[in-house]
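The data block below is model22.cif; it holds mmCIF, N, CA and C atoms.
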```cif
data_input
#
loop_
_atom_site.label_atom_id
_atom_site.label_comp_id
_atom_site.auth_asym_id
_atom_site.auth_seq_id
_atom_site.Cartn_x
_atom_site.Cartn_y
_atom_site.Cartn_z
N ILE A 106 76.63 130.35 159.61
CA ILE A 106 76.40 131.75 159.96
C ILE A 106 77.74 132.40 160.23
N GLY A 107 77.93 133.57 159.63
CA GLY A 107 79.16 134.32 159.85
C GLY A 107 80.14 134.27 158.70
N SER A 108 80.05 133.23 157.86
CA SER A 108 80.98 133.14 156.74
C SER A 108 80.32 133.66 155.47
N SER A 109 81.15 134.02 154.50
CA SER A 109 80.66 134.53 153.23
C SER A 109 80.68 133.42 152.19
N ILE A 110 79.66 133.38 151.35
CA ILE A 110 79.55 132.39 150.28
C ILE A 110 79.46 133.13 148.96
N ASP A 111 80.24 132.73 147.95
CA ASP A 111 80.13 133.30 146.62
C ASP A 111 79.06 132.56 145.85
N GLY A 112 78.26 133.31 145.09
CA GLY A 112 77.19 132.70 144.32
C GLY A 112 76.98 133.43 143.02
N THR A 113 76.07 132.91 142.21
CA THR A 113 75.69 133.54 140.95
C THR A 113 74.21 133.30 140.73
N THR A 114 73.54 134.27 140.10
CA THR A 114 72.12 134.08 139.83
C THR A 114 71.93 133.13 138.65
N GLY A 115 72.85 133.18 137.68
CA GLY A 115 72.85 132.26 136.55
C GLY A 115 71.48 131.95 136.00
N GLU A 116 71.17 130.67 135.90
CA GLU A 116 69.89 130.23 135.36
C GLU A 116 68.93 129.80 136.46
N ASN A 117 69.16 130.23 137.68
CA ASN A 117 68.26 129.87 138.77
C ASN A 117 66.93 130.60 138.61
N PHE A 118 65.90 130.04 139.21
CA PHE A 118 64.58 130.63 139.09
C PHE A 118 63.94 130.80 140.45
N ARG A 119 62.90 131.58 140.47
CA ARG A 119 62.19 131.85 141.70
C ARG A 119 61.15 130.76 141.98
N CYS A 120 60.59 130.79 143.18
CA CYS A 120 59.48 129.89 143.51
C CYS A 120 58.52 130.64 144.39
N GLY A 121 57.33 130.13 144.55
CA GLY A 121 56.38 130.72 145.49
C GLY A 121 55.72 131.98 144.96
N ASP A 122 55.00 132.63 145.85
CA ASP A 122 54.22 133.82 145.54
C ASP A 122 55.06 135.05 145.75
N PHE A 123 55.42 135.72 144.66
CA PHE A 123 56.20 136.94 144.77
C PHE A 123 55.28 138.15 144.68
N GLY A 124 55.87 139.31 144.69
CA GLY A 124 55.10 140.52 144.55
C GLY A 124 54.78 141.17 145.88
N ARG A 125 55.13 140.52 147.00
CA ARG A 125 54.97 141.14 148.31
C ARG A 125 56.35 141.41 148.86
N GLY A 126 56.46 142.30 149.80
CA GLY A 126 57.75 142.62 150.40
C GLY A 126 58.38 143.86 149.79
N GLY A 127 57.72 144.48 148.81
CA GLY A 127 58.18 145.75 148.28
C GLY A 127 59.36 145.68 147.34
N VAL A 128 59.73 144.51 146.84
CA VAL A 128 60.90 144.39 145.97
C VAL A 128 60.49 143.75 144.65
N ASN A 129 60.90 144.38 143.53
CA ASN A 129 60.67 143.81 142.21
C ASN A 129 61.46 142.51 142.11
N ASN A 130 60.85 141.46 141.65
CA ASN A 130 61.55 140.18 141.61
C ASN A 130 61.39 139.47 140.28
N ARG A 131 61.57 140.20 139.19
CA ARG A 131 61.43 139.61 137.86
C ARG A 131 62.77 139.19 137.28
N ALA A 132 63.76 138.97 138.11
CA ALA A 132 65.09 138.56 137.65
C ALA A 132 65.42 137.19 138.25
N PRO A 133 66.31 136.43 137.59
CA PRO A 133 66.71 135.14 138.16
C PRO A 133 67.47 135.36 139.46
N GLY A 134 67.51 134.33 140.28
CA GLY A 134 68.18 134.47 141.57
C GLY A 134 68.65 133.16 142.14
N ALA A 135 69.21 133.23 143.32
CA ALA A 135 69.73 132.06 144.02
C ALA A 135 69.10 132.01 145.42
N TRP A 136 68.79 130.79 145.87
CA TRP A 136 68.12 130.57 147.14
C TRP A 136 69.08 130.06 148.20
N TYR A 137 68.86 130.51 149.44
CA TYR A 137 69.61 130.03 150.60
C TYR A 137 68.61 129.77 151.72
N THR A 138 68.91 128.80 152.56
CA THR A 138 68.03 128.42 153.65
C THR A 138 68.74 128.56 154.97
N VAL A 139 68.02 129.06 155.98
CA VAL A 139 68.56 129.17 157.33
C VAL A 139 67.41 128.93 158.31
N VAL A 140 67.73 128.35 159.46
CA VAL A 140 66.75 128.11 160.50
C VAL A 140 66.98 129.12 161.62
N GLY A 141 65.90 129.76 162.04
CA GLY A 141 65.98 130.79 163.07
C GLY A 141 66.46 130.26 164.41
N ASN A 142 67.18 131.12 165.13
CA ASN A 142 67.68 130.75 166.45
C ASN A 142 67.21 131.74 167.53
N GLY A 143 66.27 132.63 167.17
CA GLY A 143 65.77 133.61 168.11
C GLY A 143 66.58 134.89 168.18
N ARG A 144 67.64 134.98 167.40
CA ARG A 144 68.51 136.16 167.39
C ARG A 144 68.19 137.01 166.16
N ILE A 145 68.80 138.19 166.08
CA ILE A 145 68.66 139.06 164.92
C ILE A 145 69.56 138.53 163.82
N PHE A 146 69.02 138.32 162.63
CA PHE A 146 69.79 137.86 161.48
C PHE A 146 70.00 139.04 160.53
N GLU A 147 71.14 139.00 159.82
CA GLU A 147 71.44 139.99 158.78
C GLU A 147 72.02 139.25 157.58
N ALA A 148 71.38 139.41 156.41
CA ALA A 148 71.90 138.86 155.16
C ALA A 148 72.38 140.03 154.32
N SER A 149 73.63 139.97 153.86
CA SER A 149 74.22 141.09 153.12
C SER A 149 75.00 140.59 151.91
N THR A 150 74.88 141.33 150.80
CA THR A 150 75.68 141.04 149.61
C THR A 150 76.83 142.04 149.47
N CYS A 151 77.21 142.66 150.57
CA CYS A 151 78.34 143.60 150.58
C CYS A 151 79.62 142.78 150.43
N SER A 152 80.15 142.73 149.22
CA SER A 152 81.29 141.89 148.91
C SER A 152 81.97 142.40 147.65
N GLU A 153 83.28 142.20 147.55
CA GLU A 153 84.00 142.55 146.32
C GLU A 153 83.53 141.69 145.16
N THR A 154 82.97 140.51 145.45
CA THR A 154 82.49 139.59 144.42
C THR A 154 81.23 140.11 143.73
N THR A 155 80.43 140.90 144.43
CA THR A 155 79.14 141.37 143.90
C THR A 155 79.38 142.34 142.76
N ASP A 156 78.93 141.93 141.54
CA ASP A 156 79.22 142.73 140.34
C ASP A 156 77.97 143.18 139.58
N PHE A 157 76.81 143.13 140.22
CA PHE A 157 75.58 143.64 139.63
C PHE A 157 74.65 144.08 140.76
N GLY A 158 73.66 144.89 140.45
CA GLY A 158 72.75 145.41 141.46
C GLY A 158 71.89 144.30 142.05
N THR A 159 72.17 143.94 143.30
CA THR A 159 71.45 142.85 143.95
C THR A 159 70.27 143.36 144.77
N ALA A 160 69.33 142.46 144.99
CA ALA A 160 68.23 142.65 145.91
C ALA A 160 68.14 141.38 146.75
N VAL A 161 67.63 141.51 147.97
CA VAL A 161 67.49 140.37 148.87
C VAL A 161 66.05 140.33 149.34
N GLN A 162 65.44 139.15 149.26
CA GLN A 162 64.07 138.98 149.72
C GLN A 162 64.03 137.83 150.72
N LEU A 163 63.21 137.96 151.75
CA LEU A 163 63.10 136.97 152.82
C LEU A 163 61.73 136.33 152.80
N PHE A 164 61.72 135.00 152.90
CA PHE A 164 60.48 134.25 152.96
C PHE A 164 60.51 133.36 154.20
N ALA A 165 59.39 133.27 154.88
CA ALA A 165 59.27 132.37 156.02
C ALA A 165 58.53 131.13 155.55
N GLY A 166 59.12 129.95 155.73
CA GLY A 166 58.50 128.71 155.31
C GLY A 166 59.25 128.04 154.18
N VAL A 167 58.66 126.98 153.64
CA VAL A 167 59.30 126.21 152.57
C VAL A 167 58.92 126.77 151.21
N CYS A 168 59.73 126.49 150.21
CA CYS A 168 59.50 126.95 148.85
C CYS A 168 58.13 126.47 148.37
N GLY A 169 57.36 127.40 147.83
CA GLY A 169 56.03 127.07 147.33
C GLY A 169 54.95 127.31 148.37
N GLY A 170 55.29 127.21 149.66
CA GLY A 170 54.32 127.42 150.71
C GLY A 170 54.73 128.54 151.63
N SER A 171 55.66 129.35 151.18
CA SER A 171 56.20 130.41 152.03
C SER A 171 55.50 131.74 151.75
N SER A 172 55.68 132.67 152.67
CA SER A 172 55.17 134.01 152.46
C SER A 172 56.33 134.99 152.55
N CYS A 173 56.28 136.01 151.69
CA CYS A 173 57.34 137.01 151.67
C CYS A 173 57.23 137.86 152.93
N SER A 174 58.32 137.98 153.65
CA SER A 174 58.33 138.73 154.90
C SER A 174 58.94 140.11 154.75
N ALA A 175 59.97 140.25 153.93
CA ALA A 175 60.66 141.53 153.79
C ALA A 175 61.54 141.52 152.55
N GLY A 176 61.98 142.71 152.13
CA GLY A 176 62.87 142.82 150.99
C GLY A 176 63.74 144.05 151.10
N SER A 177 64.89 144.03 150.41
CA SER A 177 65.82 145.15 150.43
C SER A 177 66.52 145.26 149.08
N ILE A 178 66.75 146.51 148.65
CA ILE A 178 67.46 146.72 147.39
C ILE A 178 68.69 147.62 147.56
N SER A 179 69.14 147.83 148.80
CA SER A 179 70.32 148.67 148.98
C SER A 179 71.00 148.39 150.32
N ASP A 180 72.23 148.89 150.44
CA ASP A 180 72.99 148.81 151.69
C ASP A 180 73.85 150.07 151.75
N ALA A 181 73.34 151.09 152.41
CA ALA A 181 74.03 152.39 152.46
C ALA A 181 75.37 152.31 153.19
N ASP A 182 75.58 151.29 154.01
CA ASP A 182 76.82 151.17 154.78
C ASP A 182 77.94 150.46 154.02
N CYS A 183 77.67 150.01 152.79
CA CYS A 183 78.65 149.26 152.02
C CYS A 183 79.24 150.15 150.93
N ASP A 184 80.55 150.03 150.69
CA ASP A 184 81.21 150.79 149.63
C ASP A 184 80.82 150.31 148.24
N ASN A 185 80.31 149.08 148.13
CA ASN A 185 79.90 148.52 146.85
C ASN A 185 78.43 148.89 146.61
N ALA A 186 78.18 149.77 145.64
CA ALA A 186 76.81 150.25 145.37
C ALA A 186 75.88 149.16 144.88
N PHE A 187 76.41 148.00 144.50
CA PHE A 187 75.59 146.89 144.02
C PHE A 187 74.99 146.06 145.15
N SER A 188 75.37 146.32 146.38
CA SER A 188 75.00 145.45 147.50
C SER A 188 73.63 145.77 148.09
N SER A 189 73.09 144.79 148.81
CA SER A 189 71.85 144.92 149.57
C SER A 189 72.04 144.27 150.92
N ARG A 190 71.25 144.75 151.90
CA ARG A 190 71.32 144.17 153.24
C ARG A 190 69.92 144.12 153.83
N LEU A 191 69.62 143.02 154.50
CA LEU A 191 68.31 142.84 155.11
C LEU A 191 68.50 142.25 156.50
N SER A 192 67.83 142.82 157.49
CA SER A 192 67.89 142.32 158.87
C SER A 192 66.50 141.95 159.35
N TRP A 193 66.42 140.93 160.19
CA TRP A 193 65.14 140.53 160.77
C TRP A 193 65.37 139.81 162.09
N VAL A 194 64.36 139.80 162.93
CA VAL A 194 64.41 139.06 164.18
C VAL A 194 63.89 137.65 163.87
N SER A 195 64.74 136.66 164.03
CA SER A 195 64.34 135.29 163.71
C SER A 195 63.54 134.66 164.84
N VAL A 196 62.71 133.73 164.48
CA VAL A 196 61.94 132.94 165.43
C VAL A 196 62.63 131.58 165.55
N PHE A 197 62.87 131.15 166.76
CA PHE A 197 63.58 129.89 166.98
C PHE A 197 62.85 128.75 166.26
N GLY A 198 63.60 128.01 165.44
CA GLY A 198 63.07 126.85 164.72
C GLY A 198 62.37 127.17 163.41
N GLN A 199 62.12 128.43 163.12
CA GLN A 199 61.44 128.83 161.87
C GLN A 199 62.39 128.70 160.69
N LEU A 200 61.92 128.08 159.61
CA LEU A 200 62.70 127.97 158.38
C LEU A 200 62.54 129.25 157.57
N TYR A 201 63.67 129.82 157.12
CA TYR A 201 63.67 131.02 156.28
C TYR A 201 64.35 130.71 154.97
N GLN A 202 63.81 131.27 153.89
CA GLN A 202 64.40 131.20 152.56
C GLN A 202 64.87 132.61 152.22
N VAL A 203 66.15 132.75 151.88
CA VAL A 203 66.71 134.04 151.47
C VAL A 203 66.97 133.97 149.97
N PHE A 204 66.39 134.90 149.23
CA PHE A 204 66.48 134.91 147.78
C PHE A 204 67.30 136.12 147.34
N VAL A 205 68.41 135.90 146.63
CA VAL A 205 69.26 136.97 146.10
C VAL A 205 69.01 137.02 144.59
N PHE A 206 68.71 138.23 144.08
CA PHE A 206 68.37 138.36 142.66
C PHE A 206 68.70 139.76 142.17
N GLY A 207 68.48 140.03 140.90
CA GLY A 207 68.79 141.32 140.32
C GLY A 207 67.73 142.37 140.62
N ARG A 208 68.17 143.60 140.83
CA ARG A 208 67.24 144.70 141.14
C ARG A 208 66.30 145.00 139.98
N ASN A 209 66.77 144.79 138.76
CA ASN A 209 65.97 145.08 137.58
C ASN A 209 65.69 143.79 136.82
N ALA A 210 64.56 143.75 136.11
CA ALA A 210 64.17 142.57 135.35
C ALA A 210 65.31 142.10 134.45
N GLY A 211 65.66 140.84 134.55
CA GLY A 211 66.70 140.26 133.70
C GLY A 211 68.11 140.42 134.21
N ASP A 212 68.34 141.26 135.24
CA ASP A 212 69.69 141.43 135.77
C ASP A 212 70.18 140.16 136.45
N SER A 213 71.43 139.82 136.20
CA SER A 213 72.03 138.66 136.88
C SER A 213 73.54 138.86 136.93
N GLY A 214 74.19 138.06 137.74
CA GLY A 214 75.63 138.17 137.87
C GLY A 214 76.15 137.42 139.07
N ASN A 215 77.33 137.82 139.52
CA ASN A 215 78.01 137.17 140.65
C ASN A 215 77.83 138.01 141.91
N PHE A 216 77.83 137.34 143.06
CA PHE A 216 77.70 138.05 144.33
C PHE A 216 78.34 137.23 145.44
N GLY A 217 78.61 137.90 146.52
CA GLY A 217 79.01 137.25 147.76
C GLY A 217 77.92 137.55 148.77
N ILE A 218 77.49 136.55 149.51
CA ILE A 218 76.46 136.76 150.53
C ILE A 218 77.00 136.30 151.88
N ARG A 219 76.67 137.06 152.91
CA ARG A 219 77.10 136.72 154.26
C ARG A 219 75.90 136.83 155.20
N LEU A 220 75.72 135.81 156.03
CA LEU A 220 74.66 135.82 157.02
C LEU A 220 75.31 135.89 158.39
N ARG A 221 74.87 136.88 159.19
CA ARG A 221 75.39 137.02 160.55
C ARG A 221 74.20 137.03 161.50
N ASP A 222 74.47 136.70 162.76
CA ASP A 222 73.43 136.82 163.77
C ASP A 222 73.93 137.61 164.96
N PHE A 223 73.02 138.31 165.59
CA PHE A 223 73.32 139.20 166.71
C PHE A 223 72.35 138.92 167.84
N GLU A 224 72.80 139.15 169.05
CA GLU A 224 71.93 139.06 170.21
C GLU A 224 71.02 140.29 170.20
N ALA A 225 69.73 140.09 170.48
CA ALA A 225 68.81 141.22 170.59
C ALA A 225 69.21 142.07 171.79
N PRO A 226 69.11 143.39 171.68
CA PRO A 226 69.48 144.25 172.81
C PRO A 226 68.56 143.99 174.01
N PRO A 227 69.07 144.21 175.22
CA PRO A 227 68.26 143.92 176.41
C PRO A 227 67.06 144.85 176.56
N ASN A 228 67.07 145.96 175.84
CA ASN A 228 65.97 146.92 175.94
C ASN A 228 65.11 146.90 174.68
N ASP A 229 64.79 145.72 174.17
CA ASP A 229 64.05 145.65 172.91
C ASP A 229 62.53 145.69 173.09
N GLY A 230 62.06 146.02 174.28
CA GLY A 230 60.63 146.17 174.53
C GLY A 230 60.32 147.55 175.05
N CYS A 231 59.08 147.98 174.92
CA CYS A 231 58.69 149.32 175.36
C CYS A 231 58.97 149.54 176.84
N ARG A 232 58.71 148.55 177.66
CA ARG A 232 58.87 148.72 179.10
C ARG A 232 60.32 148.90 179.53
N SER A 233 61.26 148.41 178.70
CA SER A 233 62.67 148.53 179.07
C SER A 233 63.41 149.51 178.16
N SER A 234 62.66 150.42 177.51
CA SER A 234 63.30 151.37 176.60
C SER A 234 64.20 152.34 177.36
N LEU A 235 65.23 152.80 176.67
CA LEU A 235 66.18 153.75 177.25
C LEU A 235 65.84 155.16 176.82
N SER A 236 66.03 156.12 177.67
CA SER A 236 65.78 157.52 177.36
C SER A 236 66.91 158.05 176.48
N LEU A 237 66.57 158.77 175.42
CA LEU A 237 67.55 159.41 174.55
C LEU A 237 67.76 160.84 175.01
N THR A 238 69.00 161.31 174.93
CA THR A 238 69.32 162.68 175.32
C THR A 238 69.87 163.42 174.12
N LEU A 239 69.31 164.61 173.84
CA LEU A 239 69.79 165.44 172.75
C LEU A 239 71.09 166.12 173.15
N ASN A 240 71.80 166.75 172.21
CA ASN A 240 73.06 167.43 172.49
C ASN A 240 72.95 168.45 173.62
N SER A 241 71.75 169.03 173.80
CA SER A 241 71.56 170.04 174.84
C SER A 241 71.52 169.43 176.23
N GLY A 242 71.46 168.11 176.32
CA GLY A 242 71.36 167.45 177.61
C GLY A 242 69.93 167.28 178.08
N THR A 243 68.97 167.73 177.26
CA THR A 243 67.56 167.61 177.62
C THR A 243 67.01 166.30 177.09
N PRO A 244 66.37 165.52 177.95
CA PRO A 244 65.78 164.26 177.45
C PRO A 244 64.73 164.55 176.38
N PHE A 245 64.66 163.71 175.35
CA PHE A 245 63.70 163.86 174.26
C PHE A 245 62.48 163.01 174.55
N ILE A 246 61.32 163.63 174.53
CA ILE A 246 60.07 162.90 174.70
C ILE A 246 59.18 163.32 173.54
N GLY A 247 58.67 162.36 172.80
CA GLY A 247 57.87 162.71 171.64
C GLY A 247 57.00 161.57 171.19
N SER A 248 56.30 161.78 170.12
CA SER A 248 55.36 160.80 169.59
C SER A 248 55.39 160.84 168.07
N SER A 249 55.10 159.73 167.45
CA SER A 249 54.99 159.69 165.99
C SER A 249 53.53 159.83 165.57
N ILE A 250 52.65 160.08 166.54
CA ILE A 250 51.23 160.22 166.27
C ILE A 250 50.86 161.69 166.26
N ASP A 251 50.22 162.15 165.15
CA ASP A 251 49.76 163.53 165.09
C ASP A 251 48.60 163.72 166.05
N GLY A 252 48.62 164.81 166.77
CA GLY A 252 47.62 165.02 167.80
C GLY A 252 46.52 165.85 167.38
#
```
As structure tokens, please, write out the structure in this file.
Amino acid sequence: IGSSIDGTTGENFRCGDFGRGGVNNRAPGAWYTVVGNGRIFEASTCSETTDFGTAVQLFAGVCGGSSCSAGSISDADCDNAFSSRLSWVSVFGQLYQVFVFGRNAGDSGNFGIRLRDFEAPPNDGCRSSLSLTLNSGTPFIGSSIDG
């Protein structure tokens, strides 16, 4: 965790049940495995090595018996438009499969992938939420539910 690895999609293939997680996955890819430690994980292909449009998909469990948890096809914070970034809260001891592949069917190429972990913020629950203040100095109170 924390270091960057160079990879290529080459002739690698997918496994398991795809089509969930909101990401097209009809391109060859490369698999990586990580075990959760209870912290926030981030997998990113933001690298000078990345030379094609990448997508990242996350699976919980072992190949063939895993379920797609999330997917990403972009990273707005990276200068390389080919990159993708995906973050998730890991469960301690849970096996995760990270799949890097082409955004479009048949796309393949070289990429750099980096996995980092972060401590969850101390206010990550509703009861310990922090009040946000707008520029006017007035606290913001609102709802995402139409009334």
Exercise. List as a PyMOL selection string: which residues have an atom within 6.5 Å of (60.6, 126.9, 157.0), counting all atoms listed in the file?
Worked result: chain A and resi 165-167+199-202
Exercise. Which residue, A:Ala186, A:Val203, A:Leu191, A:Ala225, has the smallest gap to A:Glu153 when you use only C-alpha atoms?
Worked result: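 Between A:Ala186, A:Val203, A:Leu191, A:Ala225, the residue approaching A:Glu153 most closely is A:Ala186.
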Exercise. For A:Asn142, which of A:Gly112, A:Gly176, A:Gly198, A:Gly158 is the closest residue, counting only C-alpha atoms?
Worked result: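 So, comparing all the options, the nearest one is A:Gly198.
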Seminar exercise, completed: Across A:Pro226, A:Gly143, A:Gly214, A:Gly207, the smallest distance to A:Thr113, with only N, CA and C atoms counted, is shown by A:Gly214
For this session: List the residues selected by the PyMOL selection byres ((chain A and resi 220) around 8) in the file shown, writing them as a list in words.
Result: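 Checked against the file, the PyMOL selection byres ((chain A and resi 220) around 8) matches Ile106, Gly107, Ser108, Ser109, Ile110, Phe146, Glu147, Ala148, Ser149, Thr150, Gly217, Ile218, Arg219, Arg221, Asp222 and Phe223 of chain A.
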Problem set entry | Computed interatomic separation between atom CA of A:Thr154 and atom N of A:Val139 (Å) |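 These atoms are spaced 21.3 Å apart.
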Problem set entry | Using all atoms listed in the file: which of A:Val196, A:Ala210, A:Ile145, A:Cys151 has the shortest distance to A:Cys183 |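 Result for the nearest residue to A:Cys183: A:Cys151.
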